[in-house]
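Peer 1: Contents of protein_34.cif (mmCIF, C-alpha atoms and all ligand atoms):
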data_target
#
loop_
_atom_site.label_atom_id
_atom_site.label_comp_id
_atom_site.auth_asym_id
_atom_site.auth_seq_id
_atom_site.Cartn_x
_atom_site.Cartn_y
_atom_site.Cartn_z
CA MET A 304 -44.74 11.53 -129.27
CA ASN A 305 -47.40 10.05 -127.01
CA ARG A 306 -46.92 7.02 -124.81
CA ASP A 307 -48.65 4.60 -127.18
CA ASP A 308 -46.31 5.59 -130.04
CA ILE A 309 -43.47 3.81 -128.28
CA ALA A 310 -45.00 1.56 -125.66
CA GLY A 311 -47.17 -0.08 -128.29
CA MET A 312 -44.20 -1.14 -130.38
CA ARG A 313 -43.75 -4.85 -129.85
CA ARG A 314 -41.93 -7.41 -131.84
CA SER A 315 -41.85 -11.16 -131.72
CA TYR A 316 -38.43 -12.63 -132.45
CA THR A 317 -38.78 -15.78 -134.50
CA LEU A 318 -35.95 -15.89 -137.03
CA ALA A 319 -33.48 -18.27 -135.43
CA GLY A 320 -32.08 -19.80 -132.27
CA PHE A 321 -28.57 -19.95 -130.92
CA SER A 322 -27.39 -22.58 -128.49
CA GLU A 323 -24.24 -22.81 -126.41
CA ARG A 324 -23.91 -26.28 -127.97
CA ASP A 325 -23.71 -24.76 -131.47
CA ALA A 326 -21.37 -21.95 -130.47
CA HIS A 327 -17.91 -22.32 -131.99
CA ALA A 328 -15.10 -22.85 -129.45
CA SER A 329 -13.48 -19.64 -130.71
CA PRO A 330 -15.48 -16.42 -130.26
CA PHE A 331 -13.56 -14.95 -133.19
CA VAL A 332 -14.77 -17.70 -135.52
CA GLN A 333 -18.29 -17.30 -134.11
CA PHE A 334 -18.14 -13.54 -134.67
CA ARG A 335 -16.92 -14.06 -138.22
CA LEU A 336 -19.89 -16.40 -138.92
CA TRP A 337 -22.43 -13.88 -137.64
CA PHE A 338 -20.66 -10.99 -139.32
CA GLU A 339 -20.74 -12.76 -142.70
CA GLU A 340 -24.48 -13.33 -142.20
CA ALA A 341 -24.95 -9.65 -141.31
CA LYS A 342 -23.07 -8.68 -144.49
CA SER A 343 -25.40 -10.87 -146.56
CA ALA A 344 -28.54 -9.53 -144.85
CA ASN A 345 -28.58 -6.14 -146.59
CA ILE A 346 -27.93 -4.31 -143.33
CA LEU A 347 -26.83 -0.69 -143.65
CA GLU A 348 -23.21 -0.68 -142.41
CA PRO A 349 -23.07 -4.02 -140.60
CA ASN A 350 -19.58 -3.03 -139.40
CA ALA A 351 -20.97 -0.02 -137.49
CA MET A 352 -20.50 -0.60 -133.77
CA THR A 353 -21.20 1.44 -130.69
CA LEU A 354 -18.03 2.17 -128.76
CA ALA A 355 -18.65 2.97 -125.10
CA THR A 356 -15.93 4.57 -123.01
CA THR A 357 -15.83 6.30 -119.65
CA ASN A 358 -14.03 9.58 -119.23
CA ALA A 359 -11.79 10.66 -116.35
CA ASN A 360 -14.88 11.66 -114.32
CA GLY A 361 -16.46 8.24 -114.81
CA THR A 362 -19.07 9.60 -117.21
CA PRO A 363 -20.00 7.04 -119.89
CA GLU A 364 -19.89 8.14 -123.52
CA ALA A 365 -21.05 6.15 -126.53
CA ARG A 366 -20.65 6.73 -130.24
CA ILE A 367 -20.57 4.72 -133.45
CA VAL A 368 -17.27 3.77 -135.08
CA LEU A 369 -16.59 1.35 -137.93
CA LEU A 370 -14.95 -2.04 -137.49
CA LYS A 371 -12.05 -2.21 -139.96
CA GLU A 372 -10.21 -5.39 -139.00
CA MET A 373 -10.92 -8.41 -136.86
CA ASP A 374 -8.71 -11.37 -136.07
CA GLU A 375 -7.60 -13.41 -133.03
CA ARG A 376 -5.99 -10.28 -131.60
CA GLY A 377 -9.17 -8.24 -131.50
CA PHE A 378 -11.41 -5.61 -133.09
CA VAL A 379 -9.84 -2.59 -134.81
CA PHE A 380 -11.25 0.86 -135.50
CA TYR A 381 -9.55 4.06 -136.68
CA THR A 382 -9.89 7.53 -135.27
CA ASN A 383 -8.20 10.71 -134.11
CA TYR A 384 -5.78 10.15 -131.21
CA GLU A 385 -6.63 13.57 -129.75
CA SER A 386 -10.42 13.17 -129.85
CA THR A 387 -12.68 12.94 -126.82
CA LYS A 388 -12.76 9.14 -127.15
CA ALA A 389 -8.96 9.00 -127.27
CA GLN A 390 -8.70 11.07 -124.10
CA SER A 391 -11.23 8.82 -122.39
CA ILE A 392 -9.37 5.71 -123.52
CA ALA A 393 -6.14 7.17 -122.11
CA ALA A 394 -7.94 7.67 -118.77
CA ASN A 395 -9.54 4.22 -118.83
CA PRO A 396 -8.60 1.69 -121.52
CA ARG A 397 -11.54 -0.56 -120.61
CA VAL A 398 -14.28 -0.19 -123.21
CA SER A 399 -17.33 -1.88 -124.59
CA LEU A 400 -18.36 -2.53 -128.20
CA LEU A 401 -21.89 -3.24 -129.33
CA PHE A 402 -23.22 -4.46 -132.65
CA PHE A 403 -26.98 -4.44 -133.32
CA TRP A 404 -28.11 -6.36 -136.38
CA GLY A 405 -31.84 -5.82 -136.12
CA GLU A 406 -32.67 -7.54 -139.41
CA LEU A 407 -31.23 -10.74 -137.90
CA GLU A 408 -32.65 -10.09 -134.41
CA ARG A 409 -29.10 -10.16 -133.04
CA GLN A 410 -26.74 -8.17 -130.92
CA VAL A 411 -23.12 -8.82 -129.98
CA ARG A 412 -21.68 -7.21 -126.85
CA ILE A 413 -17.96 -7.09 -126.24
CA THR A 414 -15.90 -5.84 -123.31
CA GLY A 415 -12.16 -5.50 -123.36
CA LYS A 416 -9.08 -3.38 -123.16
CA VAL A 417 -7.81 -1.09 -125.87
CA GLU A 418 -4.33 -0.85 -127.35
CA LYS A 419 -3.08 1.35 -130.18
CA VAL A 420 -2.27 -0.60 -133.33
CA SER A 421 1.27 -0.28 -134.74
CA ARG A 422 2.14 2.77 -136.86
CA GLU A 423 2.84 0.39 -139.77
CA GLU A 424 -0.69 -1.04 -139.53
CA SER A 425 -2.27 2.42 -139.24
CA ASP A 426 -0.20 3.65 -142.17
CA ALA A 427 -1.18 0.69 -144.35
CA TYR A 428 -4.86 1.34 -143.63
CA PHE A 429 -4.57 5.14 -144.03
CA GLN A 430 -2.96 4.79 -147.45
CA MET A 431 -5.88 2.62 -148.61
CA ARG A 432 -8.39 5.38 -147.88
CA PRO A 433 -9.67 7.74 -150.60
CA ARG A 434 -7.67 10.94 -151.00
CA GLU A 435 -10.50 13.14 -149.63
CA SER A 436 -10.74 11.03 -146.48
CA ARG A 437 -7.00 11.33 -145.94
CA ILE A 438 -7.17 15.11 -146.36
CA GLY A 439 -10.24 15.12 -144.10
CA ALA A 440 -8.24 13.40 -141.35
CA TRP A 441 -5.63 16.19 -141.56
CA ALA A 442 -8.32 18.89 -141.69
CA SER A 443 -10.31 17.90 -138.62
CA LYS A 444 -9.36 18.43 -135.00
CA GLN A 445 -11.92 15.83 -134.04
CA SER A 446 -14.12 16.68 -131.02
CA SER A 447 -12.86 20.28 -130.68
CA VAL A 448 -15.19 23.23 -131.23
CA VAL A 449 -14.97 24.62 -134.76
CA GLU A 450 -16.10 28.16 -135.53
CA SER A 451 -18.21 27.27 -138.55
CA ARG A 452 -18.71 24.90 -141.46
CA GLU A 453 -16.82 27.45 -143.61
CA THR A 454 -13.74 27.27 -141.37
CA LEU A 455 -13.67 23.50 -141.84
CA GLU A 456 -14.13 23.75 -145.61
CA GLU A 457 -11.44 26.43 -145.91
CA ARG A 458 -9.02 24.23 -144.02
CA PHE A 459 -9.88 21.30 -146.30
CA ALA A 460 -9.38 23.45 -149.44
CA GLN A 461 -6.07 24.79 -148.14
CA LEU A 462 -4.77 21.28 -147.40
CA THR A 463 -5.99 20.01 -150.79
CA GLU A 464 -3.82 22.69 -152.37
CA GLU A 465 -0.83 21.96 -150.14
CA PHE A 466 -0.97 18.24 -150.92
CA GLU A 467 -1.53 18.73 -154.66
CA GLY A 468 0.56 16.17 -156.55
CA LYS A 469 2.06 14.84 -153.31
CA ASP A 470 1.62 11.78 -151.11
CA ILE A 471 -0.53 12.35 -148.06
CA PRO A 472 1.27 11.01 -144.99
CA LEU A 473 -0.38 9.43 -141.97
CA PRO A 474 -1.08 12.26 -139.51
CA PRO A 475 0.80 11.74 -136.22
CA PHE A 476 -2.50 12.27 -134.39
CA TRP A 477 -4.46 9.63 -136.30
CA GLY A 478 -4.49 5.82 -136.16
CA GLY A 479 -6.10 2.62 -135.01
CA TYR A 480 -7.14 1.11 -131.73
CA ARG A 481 -7.54 -2.60 -131.13
CA VAL A 482 -10.09 -3.80 -128.58
CA ILE A 483 -8.72 -7.00 -127.05
CA PRO A 484 -11.83 -8.80 -125.83
CA GLU A 485 -12.34 -10.20 -122.35
CA THR A 486 -15.99 -11.15 -122.85
CA LEU A 487 -18.24 -11.48 -125.89
CA GLU A 488 -21.96 -12.11 -125.71
CA PHE A 489 -24.01 -13.30 -128.67
CA TRP A 490 -27.72 -12.51 -128.32
CA GLN A 491 -30.41 -13.99 -130.51
CA GLY A 492 -34.00 -12.82 -130.05
CA ARG A 493 -36.50 -15.63 -129.35
CA ILE A 494 -40.21 -15.98 -128.92
CA GLY A 495 -41.82 -15.06 -125.58
CA ARG A 496 -38.73 -13.05 -124.61
CA LEU A 497 -36.86 -16.31 -123.93
CA HIS A 498 -33.89 -14.98 -125.85
CA ASP A 499 -30.69 -16.93 -126.35
CA ARG A 500 -27.60 -15.41 -124.77
CA VAL A 501 -24.26 -17.12 -125.12
CA ARG A 502 -21.29 -15.58 -123.35
CA TYR A 503 -17.60 -16.26 -123.94
CA GLN A 504 -15.23 -15.36 -121.14
CA ARG A 505 -11.46 -15.35 -121.47
CA SER A 506 -9.68 -17.65 -119.02
CA ASP A 507 -6.08 -18.79 -118.51
CA THR A 508 -6.68 -21.82 -120.68
CA GLY A 509 -8.79 -20.32 -123.45
CA TRP A 510 -12.46 -19.35 -123.57
CA SER A 511 -15.28 -20.58 -121.36
CA ILE A 512 -18.79 -20.58 -122.79
CA ALA A 513 -22.01 -20.14 -120.77
CA ARG A 514 -25.69 -19.52 -121.44
CA LEU A 515 -27.14 -16.48 -119.67
CA SER A 516 -30.74 -15.90 -118.67
CA PRO A 517 -32.51 -13.51 -120.99
C1 LIG B 601 -22.01 5.23 -139.23
C2 LIG B 601 -20.95 6.02 -138.50
C3 LIG B 601 -19.62 5.61 -138.61
C4 LIG B 601 -18.61 6.30 -137.93
N1 LIG B 601 -17.32 5.83 -137.99
C5 LIG B 601 -16.35 6.46 -137.30
C6 LIG B 601 -15.03 5.91 -137.25
O1 LIG B 601 -14.73 4.82 -137.79
N2 LIG B 601 -14.08 6.62 -136.57
C7 LIG B 601 -14.36 7.79 -135.92
O2 LIG B 601 -13.46 8.37 -135.34
N3 LIG B 601 -15.62 8.29 -135.92
C8 LIG B 601 -16.60 7.66 -136.58
N4 LIG B 601 -17.90 8.16 -136.57
C9 LIG B 601 -18.15 9.42 -135.83
C10 LIG B 601 -18.25 9.13 -134.33
O3 LIG B 601 -19.53 8.58 -134.03
C11 LIG B 601 -18.00 10.38 -133.46
O4 LIG B 601 -18.87 11.43 -133.88
C12 LIG B 601 -16.56 10.89 -133.56
O5 LIG B 601 -15.63 9.81 -133.58
C13 LIG B 601 -16.22 11.81 -132.39
O6 LIG B 601 -16.39 11.11 -131.19
P1 LIG B 601 -15.71 11.61 -129.83
O7 LIG B 601 -15.91 13.10 -129.77
O8 LIG B 601 -16.41 10.89 -128.73
O9 LIG B 601 -14.24 11.24 -129.88
C14 LIG B 601 -18.93 7.46 -137.18
C15 LIG B 601 -20.27 7.85 -137.07
C16 LIG B 601 -21.25 7.14 -137.70
C17 LIG B 601 -22.69 7.56 -137.53
#
For this file, produce the structure as structure tokens.
Peer 2:
Amino acid sequence: MNRDDIAGMRRSYTLAGFSERDAHASPFVQFRLWFEEAKSANILEPNAMTLATTNANGTPEARIVLLKEMDERGFVFYTNYESTKAQSIAANPRVSLLFFWGELERQVRITGKVEKVSREESDAYFQMRPRESRIGAWASKQSSVVESRETLEERFAQLTEEFEGKDIPLPPFWGGYRVIPETLEFWQGRIGRLHDRVRYQRSDTGWSIARLSP
């Protein structure tokens, strides 16, 4: 890849604007509005979000997870409680989430603290998942080294047999995390790189809203 392949890529953002005056007083309502638009925009997995954590050494790590619930309490994703991300969250519960909806020239950045969701909530979500996904959760020691693809498939086949005709319970090592936001920033690309950035910050009395320089 030569320099011009990347450096020459330029885009003018012209689709829309976003003003602090139009921002809803609640960031959750505002998020819901943008999320509904992302869902209608034919985006591949609009609920895919980058989750950034830092591990015990302070090394940042980012990966995609899927948003599964969102309400006034926060943003929920599901994962393995023994994975690398879970260990990092245990070391530092402060995380960041990032949505990029390129088709809408938008990103949403969130910072906050993570809590585990209740076992009842995790169980309710787990039981909604397809049978193969539930078996998959049991079969995978997420983030640990696995000898081969065959080892994984053998484990899956063995568990499929064991669970034949039975309910598949929520694994004790699997469940949800809720990111309770402290800040949310809504970014809308604009012409001439004069992008709109509207930031919500949690305060004692509610949410303060400010425009940031692009
Ligand atoms: C589109 C997409 C969606 C994903 N959704 C999830 C998810 O909801 N939960 C999850 O644990 N991993 C999900 N993954 C896999 C993670 O990116 C990651 O590989 C895995 O969670 C292990 O991360 P860790 O080793 O840092 O813990 C997804 C990956 C992609 C590309």
Peer 1: What lies within 12 Å of A:Phe338 using all atoms listed in the file, ignoring chain neighbours under 6 positions off, as number ranges by chain?
Peer 2: A: 330-332, 344-346, 348-352, 370, 372-373, 402-404, 407, 409-411, 489
Peer 1: Closest to A:Trp337 among A:Trp490, A:Pro517, A:Ala355, A:Glu457, using only C-alpha atoms?
Peer 2: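 Smallest distance to A:Trp337 is found for A:Trp490.
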Peer 1: What's the separation between atom CA of A:Leu318 and atom CA of A:Leu400, in Å to one decimal place?
Peer 2: 23.8 Å
Peer 1: Using only C-alpha atoms and all ligand atoms, find each residue with an atom at most 10 Å away from ligand LIG 601 (chain B) and format the answer as a PyMOL selection string.
Peer 2: chain A and resi 347-356+358+364-371+379-392+440+444-447+477-479
Peer 1: Distance atom CA of A:Asn360-atom CA of A:Ser399, one decimal place?
Peer 2: 17.2 Å
Peer 1: Which distance in Å separates atom CA of A:Gln333 and atom CA of A:Asp507, to one decimal?
Peer 2: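 One can read the atom CA of A:Gln333 to atom CA of A:Asp507 distance as 19.9 Å.
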Peer 1: Using all atoms listed in the file for the distances, tell me which of A:Pro472, A:Gly311, A:Gly492, A:Gly320 is nearest to A:Glu423.
Peer 2: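 Selected residue with least distance to A:Glu423: A:Pro472.
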Peer 1: Which residues, written as a list in words, have at least one atom at most 9 Å from A:Ile494, with all atoms listed in the file counted and residues fewer than 4 positions away on the same chain left out?
Peer 2: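 Neighbouring residues, sequence-local ones excluded: Ser315, Tyr316, Thr317 and His498 of chain A.
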Peer 1: Could you name the residues that touch A:Arg335 at 10 Å or less, counting all atoms listed in the file, but leaving out those on the same chain fewer than 6 positions away, as a list in words?
Peer 2: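 Result of the neighbour search: Ser329, Ala341, Met373 and Asp374 of chain A.
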Peer 1: Ranking A:Leu473, A:Val420, A:Val482, A:Val501 by minimum distance to A:Arg397 and counting all atoms listed in the file, which one comes first?
Peer 2: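 Selected residue with least distance to A:Arg397: A:Val482.
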Peer 1: Taking into account only C-alpha atoms, which residue in the set A:Ala394, A:Tyr480, A:Glu408, A:Met304 is nearest to A:Asp499?
Peer 2: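 So, comparing all the options, the nearest one is A:Glu408.
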Peer 1: Quick one: 5 Å padding each side, axis-aligned, all listed atoms of stretch 396-399 of chain A - centre and edge lengths in Å to one decimal, as lines of an AutoDock Vina configuration file?
Peer 2:
center_x = -13.0
center_y = -0.1
center_z = -122.6
size_x = 18.7
size_y = 13.6
size_z = 14.0
Peer 1: Select, from A:Glu435, A:Glu424, A:Glu340, A:Asp325, the residue with the minimum atom-to-atom distance to A:Arg481, counting only C-alpha atoms.
Peer 2: A:Glu424
